[in-house]
Amino acid sequence: MPDSSTLSVLDKIAEAPADHYRVLKISDLDGDTLLELSKFMKLSLSREDMLAVQEIYREWKREPTDVELEVIAQTWSEHCKHRIFGATITHEINGETETVNSLFKTYIRDVSQRIFDQKPGFVLSAFHDNAGFIKLDEELAICLKAETHNHPSAIEPYAGANTGLGGVIRDILGAGKGAKPIGSLDVFCFGAPDTSMDHIKAEDVIHPLGVMRGVVRGVRDYGNRMGIPTISGAIQFDDSYIYNPLVFCGTAGVIPIKDIEKKVESGMKVISVGGRTGRDGLHGATFSSAALDTDSHESDQQAVQIGNPIEEKKAADFVLAARDKGLIGFITDCGAGGYSSAAGEMLEECGGVIDLDQVKLKEPGLVSWEVFISESQERMVLAVKESALPELRKLADLYETELTELGHADGSGILKVTHHGKTVCELDCSKLHDAPVRKLKATWKKKTSPVDAPILTKPGEALKDLFTDFAIVSREPVIREYDHEVQGNTVLKPLAGASGDAPQDASVLRISGSKRLMSMSVAILPEWGKTDPYAMGAACVDECVRQMVASGADPDRLAILDNFCMGNPDAEEELGALVETVKGIAAAAEAYGAPFVSGKDSFYNYFETEDGPVSIPVTILISGMGIIEDASHVIGASLRRPDSLLAIIGHTKSELGGSVFARRHELANAEVPATSLDEAFKCYRQYYEAVKQGLILSAHDVSEGGLAVTLAEVAFSGKAGLEIDLCSLPMDDDASKAAMLFGESPSRLVIEVAPGNLERVAKLFAGLPFATLGRATSSHANLVVEWGKETLINEPIKELKSLWKNGLAQYY
Amino acid sequence: MEERPCAVLLKFPGTNCDAETSRALEEVGFVTEVLPVSALKPEKLVGVSLVVLSGGFSYGDYVMSGRIASLVTEQKIGKTLGDFRDNGGYILGICNGFQILTQLDLLPSGSLVENASGRFQCQWVTLKNLAPKSPFLTHLPEEFEFPIAHAEGRLVTKEAAEAAGYISGGVAALTYRDDVNGSFERIAGLQDESGRVFGLMPHPERFLHRQDHYDPDWKGTGEDESRGSGYYFFRSLHESITKSN
């Protein structure tokens, strides 16, 4: 119960003194007082929302209980309902106005639906369950889900990241009738590890190094203990993330197709499995729907919890055993909103009764709303046939997890909650999900302009300089802290090649019980979005798709997720950047036929510093899963032969914007390369043909650092030196040497081909941007890049690798 | 058809390598049962040839790794595992299982403590086979690679000389070629005097196939090139057990 030492707005309007629940007289209150009540109860509901609630209760001719208000707040919170993605947005773009009726429907759902229709039977479930499923083979489906845990990780990095991963793993356990988690991804955005303390303009903000160490250990200790390999990830470093670090956690799962459909039937028992319920994690959902400030570091501690992975492991073992025995009717995880969301989701159509007296508590004395919305970790909620209960209890004993009967589904359509013999909540579930549609304004104006590329006097030095940048240096110290091989299925590891430590693009998992494999990748390019969010959106989808295709995935069997983070959605330009990003990802997804199957968004990632509010740039993470037909199609990113040929697929553009090179050389607002979607996808399909014909030895995507960095990374396997000539590089006529070497044009792959196969490969790319670049050689161990007679780069690969390997190691 | 020997994999809350270890054993010819420790009773080991303690984090390993699992095991079945070994049974502990076996005093005394790096280390290591006659290692060459993934794999003994004695006495069956985690004498795996109890930090169950190796051009070392060294670890064991039966 909120602090009542002074007579609060709550006390003034409560019908009766504080008991385990209260009835609140709101029907006659004005908007100001309603808003005050919302703030006092930390409901995160706006004035309009509160007025809508008032209207609902006026119609019902009664007053709400505090439990009901909390339930509505949870259900309508941004975290649970994605109100901004559903809003009506008036968007002004370069002076012209357009209206977007729901970003989600227009650019995510409808785009995906069109792809589903073109590929019948591929996507088996999207958007409505905890995770989206695609068909792996006739028996099995795979799924992927990613979430953010930004606010908790800012305040308590270890615990925030720990429970972030724990939460998304539960999403997978609660997807379908329970999917088996098989691999995780983790993507972070931090301030630079070498940020000076004077640079941080607010008290109590944790230094980026502290955030990074805490977050990595949090992920490590949950993922490793759960026995789920952490196989994929990325880290971005930028000043704009000092106050609001971003922590994305994702997990993939596998399930028998027959277990995807789930249903609650009247008469089923509702049970909870796993951890107990306590005051920890109160208001997590509404807390993550608001901005941070210095006070948050004190007052919101209650909303952050410590995870207990062993509790979750026991629950997971139970769930998977119960599923295999056919004992589960419906299952979902207890995430944001706790039992209120889980039971709400479960009983929204059927209706039913939950008895809070049955809930096993960590401590006595919780009032009704606390029990119902607590986000205590490691709990799963199931609906099961009564006849299955005895066997389920046996399983719970076997796996040493606690099973509690909470109530039952009754077909009434009403969610009823009782506590201490009284009804503390009685809501028509259909009404819970009708939040008012928000109306927002957005604007975006082109920010980029042509910038002359700097004259490169010493390209070799520029390359070495790039290999010291935090955007490029090896993530090895972090990757090795994660068990990325548990379950024994990690075929393509995050670090591999003959040396075992060279960077790879996608990761690949064998799936037990199938001949097919799963490719998983992530793409995140916030630097692009600062000036060209549309280009960022398209390029992120491109990079994610390209990495999976490079690893051997079928370009026609990919699915992606969109996870957005941004600052203040009420700031028109920030929202404008979001709208443009969404348009970019939608265009690319449609062109590639890669549907969105799940997504999530996080707002209010801004912080009130001494110098005013600091927002993160609009950030999009695209993560993806793809199907690899056969183990022989798996392709790594590292050089394999001392005598092979290297070729490039894709066109090199003149624009340098968004690149690491541009940032290091301070080319402000330089134009960002656009993605030629149709041409790119044709290339990916042809590349896949080459893979199927066994013509590709290795392939590495060109991304941060551009072609020169990519070539060096290819050679980090230590197999040979490289002799490259850029004479025939497919490129814009006006592309500078900087653009050729360090530009980050999307859609490019460097491939390694045996000399005898080059002709066949070249034929496959007739009419598409493709060129032979050079050869591997055992006569030296340098990266030699020439342009006609001019030697641009001649550097020992060992030296470049040493810079790359030690860049982050000294900080972690 | 020849009878398949039976292996029981003990599963504690937090054990998480049981599925792939069971898969590995099945692949070489065992019948396996994953047995949650709540159901453990002495009679569960009747007719069983091999008891496996697989990897993971039993009870979270928040106190010394393997400690609680060893106490629970003793509470449930007393000294049954020792009797099981004395009657010809085989016991294998991998990673957390190795940690538990040291706590159960089924292996030469020693403790597996935090790596010298202070980190969790997930990487591949080259191992030296010091006991080619061990029933677990007969099909493995002098040197081979396995992956490791542990934070507490540094084997220490009360006196450094004790560890040196394990090398000369032949109970140190596997050593790391390089200093990976600060283990005394670089010891990676131990066997007991009978040779039937074996504990190792690396994970053979993660290297059943050639393609599990980080190098796509890795050449197999055994007769079947599509197989990884881990396969031959389990195959050695299967062969030893079927021969001794």
# chains A, B, ... in the order shown; residues from 1 in each chain; ligands from 1
>>> closest_atom_pairs(of="chain A", to="chain B", cutoff="8 Å", atoms="only C-alpha atoms", output="Markdown table")
| residue | atom | partner | partner_atom | distance |
| --- | --- | --- | --- | --- |
| A:Arg225 | CA | B:Phe57 | CA | 5.8 |
| A:Met226 | CA | B:Asn16 | CA | 6.8 |
| A:Gly227 | CA | B:Asn16 | CA | 5.1 |
| A:Pro309 | CA | B:Gly60 | CA | 7.7 |
| A:Ile310 | CA | B:Gly14 | CA | 5.4 |
| A:Lys313 | CA | B:Gly14 | CA | 6.2 |
| A:Lys314 | CA | B:Pro13 | CA | 6.0 |
| A:Asp397 | CA | B:Ser38 | CA | 7.5 |
| A:Leu398 | CA | B:Ser38 | CA | 5.7 |
| A:Tyr399 | CA | B:Pro36 | CA | 6.6 |
| A:Glu400 | CA | B:Ser38 | CA | 7.3 |
| A:Ile479 | CA | B:Cys122 | CA | 8.0 |
| A:Arg480 | CA | B:Cys122 | CA | 4.8 |
| A:Glu481 | CA | B:Phe120 | CA | 4.8 |
| A:Tyr482 | CA | B:Cys122 | CA | 6.6 |
| A:Asp483 | CA | B:Cys122 | CA | 5.5 |
| A:His484 | CA | B:Cys122 | CA | 7.1 |
| A:Glu485 | CA | B:Arg206 | CA | 7.1 |
| A:Val486 | CA | B:Cys17 | CA | 6.8 |
| A:Gln487 | CA | B:Glu20 | CA | 5.7 |
| A:Gly488 | CA | B:Arg206 | CA | 4.3 |
| A:Asn489 | CA | B:Arg206 | CA | 7.4 |
| A:Thr490 | CA | B:Asp212 | CA | 6.9 |
| A:Val491 | CA | B:Asp212 | CA | 5.2 |
| A:Leu492 | CA | B:Tyr214 | CA | 7.3 |
| A:Lys493 | CA | B:Tyr214 | CA | 6.9 |
| A:Leu495 | CA | B:Tyr214 | CA | 7.8 |
| A:Ala496 | CA | B:Tyr214 | CA | 4.8 |
| A:Gly497 | CA | B:Asp215 | CA | 4.8 |
| A:Ala498 | CA | B:Asp215 | CA | 4.4 |
| A:Ser499 | CA | B:Asp215 | CA | 7.2 |
| A:Gly500 | CA | B:Tyr214 | CA | 5.6 |
| A:Gly636 | CA | B:Pro216 | CA | 7.6 |
| A:Arg640 | CA | B:Asp217 | CA | 7.2 |
>>> write_last_selection(atoms="N, CA and C atoms", output="mmCIF file, in the first residue's frame")
data_model
loop_
_atom_site.group_PDB
_atom_site.id
_atom_site.type_symbol
_atom_site.label_atom_id
_atom_site.label_comp_id
_atom_site.auth_asym_id
_atom_site.auth_seq_id
_atom_site.Cartn_x
_atom_site.Cartn_y
_atom_site.Cartn_z
ATOM 1 N N ARG A 225 23.318 -20.809 -15.989
ATOM 2 C CA ARG A 225 22.678 -21.698 -15.007
ATOM 3 C C ARG A 225 21.454 -22.391 -15.586
ATOM 4 N N MET A 226 20.753 -21.683 -16.499
ATOM 5 C CA MET A 226 19.594 -22.320 -17.128
ATOM 6 C C MET A 226 20.025 -23.379 -18.139
ATOM 7 N N GLY A 227 21.292 -23.352 -18.539
ATOM 8 C CA GLY A 227 21.744 -24.310 -19.541
ATOM 9 C C GLY A 227 21.239 -23.978 -20.931
ATOM 10 N N PRO A 309 17.828 -18.331 -11.089
ATOM 11 C CA PRO A 309 17.740 -19.206 -12.263
ATOM 12 C C PRO A 309 17.441 -20.669 -11.923
ATOM 13 N N ILE A 310 17.842 -21.113 -10.752
ATOM 14 C CA ILE A 310 17.590 -22.528 -10.433
ATOM 15 C C ILE A 310 16.096 -22.760 -10.221
ATOM 16 N N LYS A 313 14.859 -23.008 -13.623
ATOM 17 C CA LYS A 313 15.269 -24.271 -14.265
ATOM 18 C C LYS A 313 14.352 -25.410 -13.826
ATOM 19 N N LYS A 314 14.018 -25.419 -12.531
ATOM 20 C CA LYS A 314 13.124 -26.476 -12.033
ATOM 21 C C LYS A 314 11.752 -26.353 -12.679
ATOM 22 N N ASP A 397 6.656 -32.531 -7.676
ATOM 23 C CA ASP A 397 7.483 -33.119 -6.604
ATOM 24 C C ASP A 397 8.797 -33.657 -7.168
ATOM 25 N N LEU A 398 8.683 -34.301 -8.335
ATOM 26 C CA LEU A 398 9.866 -34.903 -8.957
ATOM 27 C C LEU A 398 10.911 -33.838 -9.275
ATOM 28 N N TYR A 399 10.455 -32.709 -9.806
ATOM 29 C CA TYR A 399 11.399 -31.650 -10.182
ATOM 30 C C TYR A 399 11.553 -30.581 -9.092
ATOM 31 N N GLU A 400 10.967 -30.844 -7.937
ATOM 32 C CA GLU A 400 11.149 -29.994 -6.751
ATOM 33 C C GLU A 400 10.739 -28.541 -6.993
ATOM 34 N N ILE A 479 32.036 -12.751 -24.810
ATOM 35 C CA ILE A 479 31.499 -13.991 -25.383
ATOM 36 C C ILE A 479 31.944 -15.212 -24.578
ATOM 37 N N ARG A 480 33.189 -15.202 -24.104
ATOM 38 C CA ARG A 480 33.696 -16.375 -23.387
ATOM 39 C C ARG A 480 33.109 -16.517 -21.987
ATOM 40 N N GLU A 481 32.493 -15.448 -21.510
ATOM 41 C CA GLU A 481 31.825 -15.553 -20.195
ATOM 42 C C GLU A 481 30.477 -16.280 -20.312
ATOM 43 N N TYR A 482 29.980 -16.347 -21.545
ATOM 44 C CA TYR A 482 28.712 -17.048 -21.761
ATOM 45 C C TYR A 482 29.000 -18.463 -22.214
ATOM 46 N N ASP A 483 28.284 -19.416 -21.652
ATOM 47 C CA ASP A 483 28.378 -20.768 -22.170
ATOM 48 C C ASP A 483 27.608 -20.788 -23.488
ATOM 49 N N HIS A 484 28.329 -20.776 -24.607
ATOM 50 C CA HIS A 484 27.601 -20.769 -25.876
ATOM 51 C C HIS A 484 27.543 -22.150 -26.517
ATOM 52 N N GLU A 485 27.930 -23.182 -25.734
ATOM 53 C CA GLU A 485 27.907 -24.525 -26.323
ATOM 54 C C GLU A 485 27.075 -25.535 -25.535
ATOM 55 N N VAL A 486 26.494 -25.115 -24.411
ATOM 56 C CA VAL A 486 25.675 -26.052 -23.637
ATOM 57 C C VAL A 486 24.511 -26.516 -24.533
ATOM 58 N N GLN A 487 24.028 -27.692 -24.315
ATOM 59 C CA GLN A 487 23.053 -28.416 -25.134
ATOM 60 C C GLN A 487 23.728 -29.097 -26.321
ATOM 61 N N GLY A 488 25.010 -28.778 -26.543
ATOM 62 C CA GLY A 488 25.769 -29.535 -27.541
ATOM 63 C C GLY A 488 25.292 -29.387 -28.979
ATOM 64 N N ASN A 489 24.676 -28.255 -29.304
ATOM 65 C CA ASN A 489 24.137 -28.092 -30.654
ATOM 66 C C ASN A 489 24.676 -26.876 -31.398
ATOM 67 N N THR A 490 25.647 -26.166 -30.820
ATOM 68 C CA THR A 490 26.111 -24.931 -31.445
ATOM 69 C C THR A 490 27.113 -25.265 -32.550
ATOM 70 N N VAL A 491 26.623 -25.341 -33.765
ATOM 71 C CA VAL A 491 27.457 -25.748 -34.885
ATOM 72 C C VAL A 491 28.334 -24.576 -35.342
ATOM 73 N N LEU A 492 27.719 -23.428 -35.572
ATOM 74 C CA LEU A 492 28.514 -22.246 -35.923
ATOM 75 C C LEU A 492 28.517 -21.335 -34.702
ATOM 76 N N LYS A 493 29.681 -21.213 -34.084
ATOM 77 C CA LYS A 493 29.811 -20.504 -32.818
ATOM 78 C C LYS A 493 30.093 -19.032 -33.073
ATOM 79 N N LEU A 495 32.493 -17.258 -32.116
ATOM 80 C CA LEU A 495 33.907 -17.127 -32.489
ATOM 81 C C LEU A 495 34.333 -18.478 -33.049
ATOM 82 N N ALA A 496 34.906 -18.492 -34.235
ATOM 83 C CA ALA A 496 35.249 -19.767 -34.854
ATOM 84 C C ALA A 496 36.352 -19.562 -35.879
ATOM 85 N N GLY A 497 36.373 -20.389 -36.891
ATOM 86 C CA GLY A 497 37.470 -20.375 -37.859
ATOM 87 C C GLY A 497 38.617 -21.225 -37.331
ATOM 88 N N ALA A 498 39.625 -21.436 -38.175
ATOM 89 C CA ALA A 498 40.718 -22.332 -37.812
ATOM 90 C C ALA A 498 41.380 -21.934 -36.504
ATOM 91 N N SER A 499 41.372 -20.629 -36.178
ATOM 92 C CA SER A 499 42.014 -20.167 -34.953
ATOM 93 C C SER A 499 41.055 -20.220 -33.756
ATOM 94 N N GLY A 500 39.777 -20.422 -34.025
ATOM 95 C CA GLY A 500 38.805 -20.509 -32.932
ATOM 96 C C GLY A 500 38.415 -19.183 -32.326
ATOM 97 N N GLY A 636 30.810 -20.648 -42.511
ATOM 98 C CA GLY A 636 31.406 -19.726 -41.556
ATOM 99 C C GLY A 636 31.973 -18.501 -42.255
ATOM 100 N N ARG A 640 39.492 -20.313 -45.246
ATOM 101 C CA ARG A 640 39.763 -21.736 -45.006
ATOM 102 C C ARG A 640 40.925 -22.298 -45.810
#
>>> select_by_dssp(residues="segment 54-163 of chain B", states="strand (DSSP E or B)", output="NGL selection string")
:B and (56 or 90-94 or 111-113 or 121-129 or 143-150 or 154-156)
>>> select_by_dssp(residues="segment 561-790 of chain A", states="alpha helix (DSSP H)", output="VMD selection string")
chain A and resid 572 to 592 660 to 664 677 to 692 706 to 715 737 to 742 758 to 764
>>> atom_distance(atom1="atom CA of Gly167 of chain A", atom2="atom CA of Pro256 of chain A")
22.2 Å
>>> residues_around(residues="Asp83 of chain B", least_positions_apart="4", cutoff="12 Å", atoms="only C-alpha atoms", output="number ranges by chain")
B: 42, 45-46, 77-79, 87-91, 106
>>> write_last_selection(atoms="C-alpha atoms", output="short mmCIF file (atom, residue, chain, number, x, y, z; two decimals), in the first residue's frame")
data_model
loop_
_atom_site.label_atom_id
_atom_site.label_comp_id
_atom_site.auth_asym_id
_atom_site.auth_seq_id
_atom_site.Cartn_x
_atom_site.Cartn_y
_atom_site.Cartn_z
CA PRO B 42 19.69 -47.23 -3.54
CA LEU B 45 21.18 -48.52 -9.17
CA VAL B 46 20.39 -52.23 -9.35
CA ILE B 77 21.74 -43.13 -0.61
CA GLY B 78 24.59 -42.99 1.88
CA LYS B 79 27.67 -44.76 0.54
CA ASN B 87 30.86 -54.12 -7.32
CA GLY B 88 32.18 -53.22 -10.77
CA GLY B 89 30.05 -50.19 -11.58
CA TYR B 90 31.38 -47.20 -13.51
CA ILE B 91 30.90 -43.58 -12.46
CA LEU B 106 35.07 -40.85 -4.89
#
>>> residues_around(residues="Gly66 of chain B", least_positions_apart="2", cutoff="9 Å", atoms="only C-alpha atoms", output="list in words")
Phe57, Ser58, Tyr59, Asp61, Val63, Met64, Ile68, Ala69, Ser70, Leu71, Asn96, Gly97, Phe98, Gln99, Ile100, Leu101, Thr102, Gln103 and Leu104 of chain B
>>> residues_around(residues="Ser134 of chain B", least_positions_apart="2", cutoff="10 Å", atoms="only C-alpha atoms", output="PyMOL selection string")
chain B and resi 129-132+136-139+170-171+173+191+194-198+236-237+240
>>> residues_around(residues="segment 773-782 of chain A", least_positions_apart="5", cutoff="12 Å", atoms="only C-alpha atoms", output="VMD selection string")
chain A and resid 460 638 to 649 707 to 708 711 to 712 714 to 730 749 to 755 758 787 to 788 793 to 801
>>> residues_around(residues="Asp678 of chain A", least_positions_apart="3", cutoff="8 Å", atoms="only C-alpha atoms", output="ChimeraX atom specification")
/A:591-592,681-682
>>> atom_distance(atom1="atom CA of Pro245 of chain A", atom2="atom CA of Asp601 of chain A")
14.7 Å
>>> decode(residues="segment 107-180 of chain B", atoms="C-alpha atoms", output="short mmCIF file (atom, residue, chain, number, x, y, z; two decimals), in the first residue's frame")
data_model
loop_
_atom_site.label_atom_id
_atom_site.label_comp_id
_atom_site.auth_asym_id
_atom_site.auth_seq_id
_atom_site.Cartn_x
_atom_site.Cartn_y
_atom_site.Cartn_z
CA LEU B 107 38.15 -39.40 -6.56
CA PRO B 108 41.65 -38.58 -5.27
CA SER B 109 41.31 -35.61 -2.94
CA GLY B 110 41.30 -32.17 -4.40
CA SER B 111 39.03 -29.20 -4.87
CA LEU B 112 37.81 -27.46 -7.98
CA VAL B 113 37.98 -23.75 -7.21
CA GLU B 114 37.56 -20.52 -9.13
CA ASN B 115 39.62 -20.25 -12.32
CA ALA B 116 42.81 -18.23 -11.98
CA SER B 117 41.29 -15.73 -14.44
CA GLY B 118 38.36 -15.11 -12.08
CA ARG B 119 36.11 -15.63 -15.09
CA PHE B 120 33.74 -18.10 -16.58
CA GLN B 121 35.61 -19.58 -19.56
CA CYS B 122 33.86 -21.06 -22.57
CA GLN B 123 36.54 -22.17 -25.03
CA TRP B 124 38.19 -25.19 -26.63
CA VAL B 125 41.27 -26.73 -25.08
CA THR B 126 43.85 -29.30 -26.11
CA LEU B 127 44.09 -32.22 -23.70
CA LYS B 128 46.85 -34.73 -23.11
CA ASN B 129 45.83 -38.32 -22.65
CA LEU B 130 47.98 -39.59 -19.76
CA ALA B 131 45.98 -42.75 -19.23
CA PRO B 132 45.48 -44.39 -22.63
CA LYS B 133 44.46 -47.59 -20.85
CA SER B 134 41.65 -45.91 -18.95
CA PRO B 135 38.31 -47.43 -19.94
CA PHE B 136 37.22 -43.89 -20.81
CA LEU B 137 40.15 -43.05 -23.10
CA THR B 138 41.12 -46.17 -25.07
CA HIS B 139 39.92 -44.78 -28.40
CA LEU B 140 41.46 -41.35 -27.95
CA PRO B 141 44.86 -40.23 -29.25
CA GLU B 142 47.68 -38.76 -27.19
CA GLU B 143 46.36 -35.27 -27.75
CA PHE B 144 42.86 -34.16 -28.62
CA GLU B 145 40.50 -31.23 -28.12
CA PHE B 146 37.34 -30.83 -26.04
CA PRO B 147 35.42 -27.66 -25.15
CA ILE B 148 35.34 -26.37 -21.60
CA ALA B 149 32.75 -24.09 -19.98
CA HIS B 150 33.29 -23.43 -16.31
CA ALA B 151 34.07 -20.78 -13.73
CA GLU B 152 35.38 -23.22 -11.13
CA GLY B 153 37.64 -25.74 -12.80
CA ARG B 154 40.96 -25.06 -11.17
CA LEU B 155 42.02 -28.26 -9.47
CA VAL B 156 43.95 -27.60 -6.28
CA THR B 157 45.29 -29.97 -3.65
CA LYS B 158 46.33 -29.20 -0.08
CA GLU B 159 49.99 -29.56 -1.00
CA ALA B 160 51.28 -28.98 -4.50
CA ALA B 161 53.23 -32.22 -4.19
CA GLU B 162 49.96 -34.14 -3.97
CA ALA B 163 48.99 -33.01 -7.46
CA ALA B 164 52.44 -33.91 -8.76
CA GLY B 165 51.91 -37.33 -7.23
CA TYR B 166 48.67 -37.69 -9.21
CA ILE B 167 50.68 -37.31 -12.39
CA SER B 168 53.37 -39.81 -11.43
CA GLY B 169 50.85 -42.16 -9.82
CA GLY B 170 48.69 -42.28 -12.93
CA VAL B 171 45.42 -40.97 -11.47
CA ALA B 172 45.68 -37.72 -13.40
CA ALA B 173 44.18 -39.07 -16.60
CA LEU B 174 43.89 -35.81 -18.52
CA THR B 175 45.91 -32.61 -18.44
CA TYR B 176 45.53 -29.36 -20.33
CA ARG B 177 48.32 -28.80 -22.83
CA ASP B 178 48.32 -25.10 -21.92
CA ASP B 179 47.66 -23.44 -18.60
CA VAL B 180 43.95 -22.78 -18.99
#
